[in-house]
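Worksheet: the structure to be examined is printed underneath.
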Amino acid sequence: MTRGINAKTAAGRQRLIESIASRKRQGWQCLYCRAPFTEELRPTLDHFIPYSLWRTGWQHNLVLACEPCNNAKADALPWTIAYLLLERVRKHADWRRACLDWPADPNLYERAA
(Lines give C-alpha, C1' and ligand atoms only; values in the text may rest on other atoms or scores of the structure.)
Protein backbone atom coordinates (compact mmCIF):
# COMPACT_ATOMS: atom_id res chain seq x y z
CA MET A 1 0.00 0.00 0.00
CA THR A 2 1.35 3.45 -0.92
CA ARG A 3 -0.73 5.46 1.53
CA GLY A 4 1.21 8.00 3.55
CA ILE A 5 4.36 8.07 1.42
CA ASN A 6 5.74 11.59 1.07
CA ALA A 7 6.90 11.78 -2.57
CA LYS A 8 8.40 15.24 -2.05
CA THR A 9 11.56 13.82 -0.47
CA ALA A 10 14.12 11.69 -2.29
CA ALA A 11 13.62 8.80 0.14
CA GLY A 12 9.84 9.07 -0.20
CA ARG A 13 10.03 9.09 -3.99
CA GLN A 14 12.21 5.98 -3.91
CA ARG A 15 9.75 4.20 -1.59
CA LEU A 16 6.89 5.20 -3.90
CA ILE A 17 8.74 3.94 -6.99
CA GLU A 18 9.47 0.63 -5.25
CA SER A 19 5.86 0.33 -4.17
CA ILE A 20 4.57 0.97 -7.70
CA ALA A 21 7.15 -1.42 -9.19
CA SER A 22 5.87 -4.18 -6.91
CA ARG A 23 2.40 -3.98 -8.51
CA LYS A 24 1.39 -7.03 -10.50
CA ARG A 25 1.19 -5.30 -13.89
CA GLN A 26 4.02 -2.79 -13.49
CA GLY A 27 7.30 -4.45 -12.49
CA TRP A 28 10.66 -2.75 -13.06
CA GLN A 29 9.83 -1.70 -16.61
CA CYS A 30 8.25 1.22 -18.43
CA LEU A 31 4.48 0.82 -18.54
CA TYR A 32 4.32 2.12 -22.12
CA CYS A 33 7.32 0.66 -24.00
CA ARG A 34 8.11 -2.19 -21.56
CA ALA A 35 11.82 -1.34 -21.54
CA PRO A 36 13.45 -2.61 -18.33
CA PHE A 37 14.86 0.07 -16.05
CA THR A 38 18.64 0.24 -15.70
CA GLU A 39 21.18 2.68 -14.31
CA GLU A 40 21.01 4.59 -17.61
CA LEU A 41 17.23 4.32 -18.03
CA ARG A 42 15.78 5.39 -14.71
CA PRO A 43 12.07 5.27 -13.83
CA THR A 44 10.01 8.44 -13.61
CA LEU A 45 6.58 8.84 -12.04
CA ASP A 46 3.77 9.47 -14.50
CA HIS A 47 0.08 10.20 -13.94
CA PHE A 48 -1.69 7.57 -16.09
CA ILE A 49 -4.71 9.85 -16.36
CA PRO A 50 -3.07 13.27 -16.71
CA TYR A 51 -3.13 15.51 -13.66
CA SER A 52 -4.48 18.31 -15.88
CA LEU A 53 -7.62 16.20 -16.52
CA TRP A 54 -8.05 14.62 -13.09
CA ARG A 55 -6.49 16.67 -10.31
CA THR A 56 -5.94 14.06 -7.65
CA GLY A 57 -3.06 12.82 -5.60
CA TRP A 58 -4.43 9.29 -5.78
CA GLN A 59 -1.34 7.12 -5.96
CA HIS A 60 -3.04 4.34 -7.90
CA ASN A 61 -3.06 6.79 -10.82
CA LEU A 62 0.76 6.83 -10.76
CA VAL A 63 2.77 4.50 -12.99
CA LEU A 64 6.45 4.14 -13.82
CA ALA A 65 7.61 5.32 -17.21
CA CYS A 66 10.97 5.92 -18.83
CA GLU A 67 11.73 9.58 -19.41
CA PRO A 68 11.27 9.46 -23.22
CA CYS A 69 7.80 7.85 -22.89
CA ASN A 70 6.80 10.17 -20.06
CA ASN A 71 7.79 13.23 -22.13
CA ALA A 72 6.10 11.86 -25.26
CA LYS A 73 2.83 11.17 -23.42
CA ALA A 74 2.87 14.59 -21.71
CA ASP A 75 -0.73 15.58 -20.85
CA ALA A 76 -2.35 13.17 -23.31
CA LEU A 77 -4.92 10.63 -22.25
CA PRO A 78 -3.78 7.09 -23.11
CA TRP A 79 -5.62 6.01 -26.26
CA THR A 80 -7.11 2.94 -24.55
CA ILE A 81 -8.85 5.12 -21.95
CA ALA A 82 -9.94 7.66 -24.57
CA TYR A 83 -11.39 4.87 -26.75
CA LEU A 84 -13.33 3.34 -23.86
CA LEU A 85 -14.77 6.72 -22.89
CA LEU A 86 -15.80 7.54 -26.46
CA GLU A 87 -17.28 4.08 -26.97
CA ARG A 88 -19.38 4.45 -23.84
CA VAL A 89 -20.59 7.91 -24.81
CA ARG A 90 -21.35 6.82 -28.37
CA LYS A 91 -23.61 3.99 -27.16
CA HIS A 92 -25.58 6.24 -24.80
CA ALA A 93 -29.19 6.85 -25.92
CA ASP A 94 -29.01 10.64 -25.38
CA TRP A 95 -25.96 10.83 -27.65
CA ARG A 96 -27.73 8.93 -30.42
CA ARG A 97 -30.87 11.03 -30.06
CA ALA A 98 -28.85 14.25 -30.19
CA CYS A 99 -27.04 13.10 -33.32
CA LEU A 100 -30.25 12.03 -35.07
CA ASP A 101 -32.16 15.19 -34.16
CA TRP A 102 -29.31 17.60 -34.93
CA PRO A 103 -29.99 20.42 -35.48
CA ALA A 104 -33.23 20.11 -33.53
CA ASP A 105 -33.68 23.86 -33.28
CA PRO A 106 -32.02 25.92 -36.05
CA ASN A 107 -32.24 29.06 -33.87
CA LEU A 108 -30.43 27.41 -30.98
CA TYR A 109 -27.05 28.91 -31.85
CA GLU A 110 -28.46 32.36 -32.45
CA ARG A 111 -30.12 32.40 -29.00
CA ALA A 112 -26.93 31.19 -27.32
CA ALA A 113 -24.87 34.05 -28.74
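In the C-alpha coordinates, chains take the letters A, B, ... in the order shown, each chain's residues start at 1, and ligands count up from 1 in the order shown.
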
10 Å contact set for Cys66 (chain A), only C-alpha atoms, chain neighbours under 2 positions out, as a ChimeraX atom specification: /A:29-37,41-46,64,68-71

Kindly save the residues from that selection, with all heavy atoms included, as a short mmCIF file (atom, residue, chain, number, x, y, z; two decimals), in the first residue's frame.
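So the final result, stored in part-v3.cif, reads:
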```
data_model
loop_
_atom_site.label_atom_id
_atom_site.label_comp_id
_atom_site.auth_asym_id
_atom_site.auth_seq_id
_atom_site.Cartn_x
_atom_site.Cartn_y
_atom_site.Cartn_z
N GLN A 29 9.78 -2.02 -15.18
CA GLN A 29 9.83 -1.70 -16.61
C GLN A 29 8.88 -0.56 -16.90
O GLN A 29 7.96 -0.29 -16.13
CB GLN A 29 9.45 -2.93 -17.44
CG GLN A 29 8.07 -3.44 -17.15
CD GLN A 29 7.79 -4.77 -17.82
OE1 GLN A 29 8.65 -5.33 -18.46
NE2 GLN A 29 6.59 -5.28 -17.66
N CYS A 30 9.13 0.11 -18.02
CA CYS A 30 8.25 1.22 -18.43
C CYS A 30 6.87 0.66 -18.78
O CYS A 30 6.77 -0.35 -19.49
CB CYS A 30 8.86 1.92 -19.64
SG CYS A 30 7.80 3.22 -20.34
N LEU A 31 5.84 1.29 -18.28
CA LEU A 31 4.48 0.82 -18.54
C LEU A 31 4.13 0.92 -20.02
O LEU A 31 3.37 0.11 -20.53
CB LEU A 31 3.47 1.64 -17.72
CG LEU A 31 2.02 1.20 -17.87
CD1 LEU A 31 1.78 -0.09 -17.09
CD2 LEU A 31 1.07 2.28 -17.43
N TYR A 32 4.70 1.87 -20.73
CA TYR A 32 4.32 2.12 -22.12
C TYR A 32 5.16 1.33 -23.13
O TYR A 32 4.60 0.70 -24.02
CB TYR A 32 4.39 3.62 -22.42
CG TYR A 32 3.55 4.42 -21.44
CD1 TYR A 32 4.15 5.26 -20.51
CD2 TYR A 32 2.17 4.30 -21.42
CE1 TYR A 32 3.39 5.98 -19.60
CE2 TYR A 32 1.40 5.00 -20.51
CZ TYR A 32 2.01 5.84 -19.61
OH TYR A 32 1.25 6.54 -18.70
N CYS A 33 6.48 1.35 -23.01
CA CYS A 33 7.32 0.66 -24.00
C CYS A 33 7.88 -0.67 -23.48
O CYS A 33 8.51 -1.40 -24.23
CB CYS A 33 8.46 1.56 -24.46
SG CYS A 33 9.73 1.87 -23.21
N ARG A 34 7.66 -0.96 -22.21
CA ARG A 34 8.11 -2.19 -21.56
C ARG A 34 9.61 -2.36 -21.49
O ARG A 34 10.12 -3.46 -21.28
CB ARG A 34 7.48 -3.43 -22.22
CG ARG A 34 5.99 -3.49 -22.11
CD ARG A 34 5.60 -3.69 -20.70
NE ARG A 34 4.15 -3.81 -20.57
CZ ARG A 34 3.51 -3.61 -19.45
NH1 ARG A 34 4.17 -3.31 -18.38
NH2 ARG A 34 2.22 -3.72 -19.39
N ALA A 35 10.36 -1.28 -21.66
CA ALA A 35 11.82 -1.34 -21.54
C ALA A 35 12.17 -1.50 -20.06
O ALA A 35 11.63 -0.79 -19.21
CB ALA A 35 12.47 -0.07 -22.09
N PRO A 36 13.07 -2.44 -19.73
CA PRO A 36 13.45 -2.61 -18.33
C PRO A 36 14.28 -1.42 -17.86
O PRO A 36 15.06 -0.85 -18.62
CB PRO A 36 14.27 -3.90 -18.32
CG PRO A 36 14.72 -4.08 -19.72
CD PRO A 36 13.73 -3.39 -20.61
N PHE A 37 14.10 -1.04 -16.60
CA PHE A 37 14.86 0.07 -16.05
C PHE A 37 16.28 -0.38 -15.70
O PHE A 37 16.48 -1.48 -15.22
CB PHE A 37 14.17 0.66 -14.82
CG PHE A 37 12.85 1.30 -15.14
CD1 PHE A 37 11.68 0.85 -14.55
CD2 PHE A 37 12.77 2.34 -16.04
CE1 PHE A 37 10.46 1.43 -14.84
CE2 PHE A 37 11.55 2.94 -16.36
CZ PHE A 37 10.40 2.48 -15.75
N LEU A 41 18.65 4.06 -17.78
CA LEU A 41 17.23 4.32 -18.03
C LEU A 41 16.48 4.23 -16.70
O LEU A 41 16.03 3.17 -16.29
CB LEU A 41 16.67 3.31 -19.03
CG LEU A 41 15.25 3.57 -19.53
CD1 LEU A 41 15.19 4.85 -20.35
CD2 LEU A 41 14.77 2.39 -20.35
N ARG A 42 16.39 5.36 -16.04
CA ARG A 42 15.78 5.39 -14.71
C ARG A 42 14.27 5.60 -14.80
O ARG A 42 13.78 6.24 -15.73
CB ARG A 42 16.39 6.50 -13.87
CG ARG A 42 17.86 6.27 -13.58
CD ARG A 42 18.34 7.29 -12.57
NE ARG A 42 19.61 6.93 -12.01
CZ ARG A 42 19.79 6.07 -11.02
NH1 ARG A 42 18.75 5.48 -10.47
NH2 ARG A 42 20.98 5.81 -10.55
N PRO A 43 13.53 5.08 -13.81
CA PRO A 43 12.07 5.27 -13.83
C PRO A 43 11.68 6.69 -13.42
O PRO A 43 12.34 7.33 -12.60
CB PRO A 43 11.57 4.25 -12.80
CG PRO A 43 12.72 4.03 -11.89
CD PRO A 43 13.95 4.22 -12.71
N THR A 44 10.61 7.18 -14.02
CA THR A 44 10.01 8.44 -13.61
C THR A 44 8.56 8.15 -13.26
O THR A 44 7.97 7.20 -13.75
CB THR A 44 10.06 9.50 -14.73
OG1 THR A 44 9.32 9.02 -15.86
CG2 THR A 44 11.48 9.82 -15.14
N LEU A 45 7.99 8.99 -12.41
CA LEU A 45 6.58 8.84 -12.04
C LEU A 45 5.72 9.56 -13.07
O LEU A 45 6.02 10.68 -13.46
CB LEU A 45 6.33 9.43 -10.65
CG LEU A 45 7.00 8.70 -9.50
CD1 LEU A 45 6.87 9.50 -8.22
CD2 LEU A 45 6.41 7.32 -9.32
N ASP A 46 4.68 8.89 -13.52
CA ASP A 46 3.77 9.47 -14.50
C ASP A 46 2.34 9.29 -14.02
O ASP A 46 1.99 8.24 -13.48
CB ASP A 46 3.95 8.79 -15.86
CG ASP A 46 3.03 9.36 -16.91
OD1 ASP A 46 2.93 10.61 -16.99
OD2 ASP A 46 2.41 8.58 -17.65
N LEU A 64 5.05 3.89 -13.50
CA LEU A 64 6.45 4.14 -13.82
C LEU A 64 6.63 4.17 -15.32
O LEU A 64 6.11 3.31 -16.04
CB LEU A 64 7.34 3.04 -13.22
CG LEU A 64 7.29 2.90 -11.70
CD1 LEU A 64 8.23 1.78 -11.25
CD2 LEU A 64 7.66 4.20 -11.02
N PRO A 68 11.77 9.17 -21.87
CA PRO A 68 11.27 9.46 -23.22
C PRO A 68 9.76 9.21 -23.37
O PRO A 68 9.05 10.02 -23.97
CB PRO A 68 12.07 8.51 -24.11
CG PRO A 68 13.31 8.21 -23.35
CD PRO A 68 12.91 8.24 -21.91
N CYS A 69 9.25 8.12 -22.80
CA CYS A 69 7.80 7.85 -22.89
C CYS A 69 7.01 8.85 -22.08
O CYS A 69 5.94 9.31 -22.53
CB CYS A 69 7.50 6.43 -22.41
SG CYS A 69 8.01 5.14 -23.55
N ASN A 70 7.49 9.21 -20.91
CA ASN A 70 6.80 10.17 -20.06
C ASN A 70 6.71 11.52 -20.77
O ASN A 70 5.65 12.16 -20.78
CB ASN A 70 7.52 10.31 -18.73
CG ASN A 70 6.66 10.92 -17.64
OD1 ASN A 70 5.62 11.48 -17.91
ND2 ASN A 70 7.12 10.81 -16.42
N ASN A 71 7.80 11.95 -21.40
CA ASN A 71 7.79 13.23 -22.13
C ASN A 71 6.91 13.15 -23.37
O ASN A 71 6.23 14.12 -23.72
CB ASN A 71 9.20 13.63 -22.51
CG ASN A 71 10.03 14.03 -21.30
OD1 ASN A 71 9.49 14.38 -20.25
ND2 ASN A 71 11.35 13.94 -21.43
#
```

d(CA of Thr9 (chain A), CA of Pro78 (chain A)) in Å: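 Spanning CA of Thr9 (chain A) to CA of Pro78 (chain A) is a straight-line distance of 28.2 Å.
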
Residues flagged helix (DSSP H, G or I) by DSSP in region 17-102 of chain A, as number ranges by chain: A: 17-21, 59-61, 67-73, 79-91, 93-101

Leu77 (chain A) surroundings by only C-alpha atoms, 12 Å radius, close-in-sequence under 6 positions cut, as a list in words: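 Within the cut-off, the hits are Asp46, His47, Phe48, Ile49, Pro50, Tyr51, Ser52, Leu53, Trp54, Asn70, Tyr83, Leu84 and Leu85 of chain A.
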